[in-house]
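Coordinates from coords_14.txt are shown below (compact mmCIF, C-alpha atoms).
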# COMPACT_ATOMS: atom_id res chain seq x y z
CA MET D 18 0.98 -1.91 10.51
CA THR D 19 -1.24 -2.12 13.57
CA PHE D 20 -1.39 -5.30 15.61
CA ASP D 21 -3.94 -4.33 18.25
CA ARG D 22 -7.26 -4.37 16.43
CA PRO D 23 -8.53 -5.95 13.20
CA ARG D 24 -9.14 -3.67 10.22
CA HIS D 25 -10.28 -6.35 7.81
CA PRO D 26 -14.10 -6.88 7.88
CA VAL D 27 -13.88 -10.69 7.82
CA SER D 28 -11.35 -10.62 10.68
CA ILE D 29 -13.68 -8.39 12.68
CA ALA D 30 -16.53 -10.86 12.20
CA ILE D 31 -14.37 -13.76 13.32
CA VAL D 32 -13.12 -11.81 16.36
CA LEU D 33 -16.73 -11.04 17.31
CA LEU D 34 -17.67 -14.70 16.87
CA LEU D 35 -14.78 -15.83 19.06
CA SER D 36 -15.54 -13.31 21.79
CA ALA D 37 -19.31 -13.98 21.78
CA CYS D 38 -19.08 -17.76 22.10
CA GLY D 39 -18.28 -19.64 25.25
CA GLY D 40 -15.45 -21.30 23.40
CA ASP D 41 -14.57 -24.90 22.88
CA PRO D 42 -11.58 -26.21 24.78
CA PRO D 43 -8.41 -25.74 22.74
CA VAL D 44 -7.12 -28.67 20.73
CA PRO D 45 -4.21 -30.09 22.75
CA GLN D 46 -0.86 -29.02 21.41
CA ASP D 47 2.07 -31.39 21.58
CA ARG D 48 4.96 -29.08 22.36
CA GLY D 49 7.35 -32.01 22.68
CA THR D 50 11.01 -31.54 23.41
CA ALA D 51 12.13 -30.93 19.85
CA ALA D 52 14.73 -28.27 19.21
CA ALA D 53 13.54 -24.85 18.14
CA PRO D 54 13.01 -24.49 14.37
CA ALA D 55 15.84 -23.08 12.32
CA ALA D 56 15.69 -19.41 11.35
CA SER D 57 13.52 -18.72 8.32
CA THR D 58 15.05 -18.27 4.89
CA GLU D 59 11.97 -16.32 3.70
CA PRO D 60 12.46 -12.73 2.47
CA ALA D 61 11.86 -9.96 5.02
CA GLY D 62 8.52 -8.20 5.36
CA ASP D 63 4.94 -9.24 5.95
CA VAL D 64 3.93 -12.34 3.97
CA VAL D 65 0.84 -14.53 3.59
CA ARG D 66 1.31 -17.14 0.87
CA MET D 67 0.47 -20.73 -0.01
CA LYS D 68 0.01 -23.14 -2.89
CA VAL D 69 -3.64 -23.93 -3.61
CA ASP D 70 -3.94 -27.17 -5.60
CA GLY D 71 -0.37 -26.54 -6.78
CA THR D 72 -0.91 -22.89 -7.83
CA GLY D 73 0.74 -20.04 -5.93
CA TRP D 74 -1.42 -17.63 -3.94
CA SER D 75 -0.03 -14.56 -2.12
CA ALA D 76 -1.77 -11.75 -0.30
CA ASP D 77 -0.87 -8.47 -1.97
CA ARG D 78 -2.44 -6.13 0.63
CA ASP D 79 -4.15 -5.83 4.00
CA ILE D 80 -1.85 -8.34 5.71
CA PHE D 81 -2.79 -8.27 9.36
CA CYS D 82 -1.81 -10.20 12.48
CA ALA D 83 -3.02 -9.80 16.06
CA VAL D 84 -1.42 -11.66 18.94
CA ALA D 85 -3.53 -11.91 22.11
CA PRO D 86 -5.76 -8.93 21.29
CA PRO D 87 -7.15 -7.17 24.39
CA GLY D 88 -10.09 -9.07 25.84
CA LEU D 89 -9.58 -12.20 23.73
CA GLY D 90 -6.84 -14.03 25.63
CA ASP D 91 -4.43 -16.33 23.81
CA VAL D 92 -5.84 -15.79 20.33
CA LEU D 93 -3.86 -15.39 17.10
CA ILE D 94 -5.62 -13.72 14.15
CA VAL D 95 -4.10 -13.60 10.66
CA SER D 96 -5.64 -12.18 7.48
CA GLY D 97 -4.60 -11.04 4.05
CA SER D 98 -6.24 -10.02 0.79
CA ARG D 99 -5.49 -10.41 -2.88
CA GLY D 100 -6.84 -8.66 -5.93
CA PRO D 101 -9.08 -5.64 -6.30
CA LYS D 102 -11.07 -4.46 -3.30
CA ASP D 103 -14.45 -5.35 -4.81
CA ALA D 104 -16.84 -8.32 -4.94
CA ASN D 105 -14.02 -10.50 -6.34
CA GLU D 106 -11.54 -9.74 -3.55
CA GLN D 107 -9.87 -12.94 -2.34
CA THR D 108 -9.45 -13.08 1.43
CA PHE D 109 -7.58 -15.43 3.74
CA ASN D 110 -8.27 -15.76 7.45
CA LEU D 111 -6.65 -17.94 10.09
CA ASN D 112 -7.67 -17.83 13.76
CA LEU D 113 -6.09 -19.91 16.50
CA SER D 114 -7.14 -19.98 20.14
CA GLY D 115 -5.10 -21.15 23.11
CA VAL D 116 -1.77 -20.66 21.37
CA THR D 117 0.94 -19.20 23.60
CA GLY D 118 4.14 -20.04 21.75
CA PRO D 119 5.84 -22.14 19.10
CA GLY D 120 4.56 -25.62 18.32
CA PRO D 121 2.14 -27.57 16.14
CA VAL D 122 -1.61 -26.95 16.10
CA ARG D 123 -4.11 -29.19 14.28
CA LEU D 124 -7.25 -27.60 12.89
CA ALA D 125 -9.98 -30.08 12.03
CA GLY D 126 -13.71 -29.82 11.54
CA GLY D 127 -15.80 -26.80 10.66
CA MET D 128 -17.76 -24.22 12.64
CA SER D 129 -15.58 -23.88 15.70
CA THR D 130 -14.98 -21.23 18.29
CA THR D 131 -11.47 -22.60 18.83
CA HIS D 132 -9.76 -22.54 15.44
CA ALA D 133 -10.77 -21.51 11.92
CA ILE D 134 -9.16 -21.20 8.50
CA GLN D 135 -10.84 -19.87 5.37
CA LEU D 136 -9.99 -18.76 1.83
CA ALA D 137 -12.84 -16.85 0.16
CA ASN D 138 -13.59 -15.88 -3.46
CA LEU D 139 -10.85 -17.99 -5.05
CA ASP D 140 -13.08 -18.11 -8.16
CA PRO D 141 -16.86 -18.17 -8.87
CA GLN D 142 -17.18 -21.91 -8.13
CA ARG D 143 -14.84 -21.86 -5.10
CA TYR D 144 -16.25 -18.82 -3.31
CA LEU D 145 -15.95 -20.44 0.14
CA ASN D 146 -13.17 -22.79 1.18
CA GLY D 147 -12.71 -23.96 4.74
CA GLY D 148 -14.57 -22.03 7.41
CA ALA D 149 -18.03 -23.50 8.04
CA LEU D 150 -17.50 -26.06 5.24
CA GLY D 151 -14.68 -27.75 7.15
CA PHE D 152 -10.92 -28.13 7.09
CA ASP D 153 -8.08 -30.42 8.11
CA VAL D 154 -4.92 -28.33 8.42
CA THR D 155 -1.77 -28.52 10.50
CA VAL D 156 -0.16 -25.23 11.51
CA ASP D 157 3.40 -25.11 12.80
CA VAL D 158 3.84 -21.93 14.82
CA LEU D 159 7.53 -21.02 14.46
CA ALA D 160 7.54 -17.67 16.30
CA LEU D 161 4.93 -15.84 18.34
CA SER D 162 5.25 -12.75 20.51
CA ARG D 163 2.98 -9.86 21.42
CA ASP D 164 5.39 -7.07 22.32
CA PRO D 165 6.90 -6.56 19.87
CA ALA D 166 4.27 -8.27 17.74
CA ARG D 167 5.78 -11.08 15.68
CA VAL D 168 4.17 -14.08 14.00
CA GLU D 169 5.79 -16.70 11.83
CA LEU D 170 4.13 -19.97 10.90
CA ARG D 171 3.82 -22.66 8.25
CA PHE D 172 0.67 -24.60 7.36
CA ALA D 173 -0.64 -27.34 5.05
CA GLY D 174 -3.75 -29.48 4.68
CA THR D 175 -7.15 -29.41 3.01
CA LEU D 176 -10.08 -27.00 2.94
CA ASN D 177 -13.54 -28.25 1.99
CA SER D 178 -14.83 -26.16 -0.91
CA SER D 179 -18.14 -24.83 -2.19
CA ALA D 180 -17.15 -26.44 -5.52
CA GLY D 181 -17.31 -29.92 -3.96
CA ALA D 182 -13.73 -31.20 -4.21
CA PRO D 183 -11.46 -30.19 -1.30
CA LEU D 184 -8.61 -27.76 -1.96
CA ARG D 185 -5.11 -28.95 -1.15
CA ILE D 186 -3.05 -26.29 0.65
CA ASP D 187 0.74 -26.72 0.65
CA ASP D 188 3.72 -24.55 1.47
CA GLY D 189 1.60 -22.10 3.49
CA PHE D 190 3.65 -19.39 5.17
CA VAL D 191 2.80 -16.34 7.28
CA ARG D 192 5.08 -13.68 8.67
CA CYS D 193 4.02 -10.45 10.33
CA SER D 194 6.13 -8.19 12.51
CA GLU D 195 6.12 -4.65 13.82
Please re-express this file's structure in C-alpha cells.
Amino acid sequence: MTFDRPRHPVSIAIVLLLSACGGDPPVPQDRGTAAAPAASTEPAGDVVRMKVDGTGWSADRDIFCAVAPPGLGDVLIVSGSRGPKDANEQTFNLNLSGVTGPGPVRLAGGMSTTHAIQLANLDPQRYLNGGALGFDVTVDVLALSRDPARVELRFAGTLNSSAGAPLRIDDGFVRCSE
C-alpha cells in the first residue's frame, strides 16, 4: 500500500481541488484535555466501513490513506471502493485539512476546500451523497502519523443525498497503516 500519492481517480480530483483553491480556514478543533482514546478492538488490516441508514457498508478494495502528502500540508485523504470496477462502483472519500493529530473534527456544509466527505453510487437514486450536496459529520481522529503512515478514525453524521432524504451514517471506522 502506498501512502504518498493518490491512486483512486476521485481522490486525485479532490487533491487537485484542495491544492488549487486558496483554502478556507480550518474548522477549529477542540483538542481538550481528555485522555487518549483506548486502543482499538477492530481487527487488524486496512478498513473503511460504516452503517448507511442501518445497513453495513465496507470497502472491499482500493483502500487508500495519505497523511500530509507532499505539497498539501496538514491534509488527510481517505478513500475506498466497493463492488465491481465499472459504472456501478461505490466509492467513499474523506478529506480533512488542518489536522495534525488526534481529536474531533466537525464537517458541515458542502463545497469546501477545507473538509469533504462523499459516498458515490450507493444505488441509482442515491448516486451522490455528501460532497457538493452537503454533510454534517463528526470525525474523531484516534491516531494519525505520517512516518510510518497510520490513520485510525471514527465518524458519524448525515450526508445529503441525490435521492432527497439525507443518509444517516453511523459506526464509521477507518484504519490504514503501512
For CA of Asp77 in chain D and CA of Leu176 in chain D, quote the distance in Å rounded to one decimal. 21.3 Å
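The environment of range 110-118 of chain D within 8 Å, counting all atoms listed in the file and disregarding residues fewer than 4 places along the same chain, consists of D:Val27, D:Ser28, D:Ile31, D:Pro43, D:Gly90, D:Asp91, D:Val92, D:Leu93, D:Ile94, D:Val95, D:Ser96, D:Gly97, D:Thr131, D:His132, D:Ala133, D:Ile134, D:Gln135, D:Leu136, D:Val158, D:Ala160, D:Leu161, D:Ser162.
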Of the candidates D:Val122, D:Leu150, D:Ala85, D:Met67, which shows the shortest atom-to-atom distance to Gly189 in chain D, using only C-alpha atoms?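 Looking at the shortest contact to Gly189 in chain D, the residue is D:Met67.
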Rank nothing, just name the residue among D:Asp157, D:Glu106, D:Asp79, D:Asp70 nearest to Thr175 in chain D, using only C-alpha atoms.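 Distance minimum relative to Thr175 in chain D lands on D:Asp70.
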Judged by all atoms listed in the file, the minimum distance to Glu169 in chain D among D:Ser194, D:Arg123, D:Ala76, D:Asn105 is found for D:Ser194
For Gly181 in chain D: contacts at 12 Å, all atoms listed in the file, fewer than 5 positions along chain excluded, given as a compact mmCIF listing (two decimals) with C-alpha atoms, keeping the file's coordinate frame:
# COMPACT_ATOMS: atom_id res chain seq x y z
CA GLN D 142 -17.18 -21.91 -8.13
CA ARG D 143 -14.84 -21.86 -5.10
CA TYR D 144 -16.25 -18.82 -3.31
CA LEU D 145 -15.95 -20.44 0.14
CA ASN D 146 -13.17 -22.79 1.18
CA GLY D 147 -12.71 -23.96 4.74
CA LEU D 150 -17.50 -26.06 5.24
CA GLY D 151 -14.68 -27.75 7.15
CA LEU D 176 -10.08 -27.00 2.94
Quick one: everything within 8 Å of Gln107 in chain D, counting all atoms listed in the file, minus sequence neighbours fewer than 5 positions away in the same chain. Send it as a PDB file with C-alpha atoms, in the frame of the given file.
ATOM      1  CA  SER D  98      -6.240 -10.020   0.790  1.00  0.00           C
ATOM      2  CA  ARG D  99      -5.490 -10.410  -2.880  1.00  0.00           C
ATOM      3  CA  GLY D 100      -6.840  -8.660  -5.930  1.00  0.00           C
ATOM      4  CA  LEU D 136      -9.990 -18.760   1.830  1.00  0.00           C
ATOM      5  CA  ALA D 137     -12.840 -16.850   0.160  1.00  0.00           C
ATOM      6  CA  ASN D 138     -13.590 -15.880  -3.460  1.00  0.00           C
ATOM      7  CA  LEU D 139     -10.850 -17.990  -5.050  1.00  0.00           C
TER       8      LEU D 139
END
Provide the CA of Phe109 in chain D to CA of Ala182 in chain D distance in Å, to one decimal place.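 Distance between the two atoms: 18.7 Å.
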To one decimal place in Å, what is the distance between CA of Pro165 in chain D and CA of Glu195 in chain D?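 Between these atoms lies a distance of 6.4 Å.
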Nearest to Val154 in chain D by atom-to-atom distance, counting only C-alpha atoms, from D:Val69, D:Ala180, D:Ala166, D:Ile186: D:Ile186
For range 78-96 of chain D, take all atoms listed in the file, fit an axis-aligned box around them, add 5 Å to each of the six sides, then output centre and edge lengths in Å rounded to one decimal, as AutoDock Vina command-line options.
--center_x -5.8 --center_y -11.1 --center_z 13.2 --size_x 18.7 --size_y 20.5 --size_z 35.2
Please identify all polymer residues within 10 Å of Arg192 in chain D, counting only C-alpha atoms, omitting same-chain residues fewer than 3 positions from it, and present them as number ranges by chain. D: 57, 59-66, 80-82, 95, 159-161, 167-171
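Distances from D:Ala83, D:Lys102, D:Arg78, D:Gly120 to Cys193 in chain D were compared using only C-alpha atoms, and the smallest one belongs to D:Ala83.
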Have a look at D:Pro87, D:Lys68, D:Trp74, D:Ala104 and name the one nearest to Arg163 in chain D; count only C-alpha atoms.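 Under the stated criterion, the closest residue is D:Pro87.
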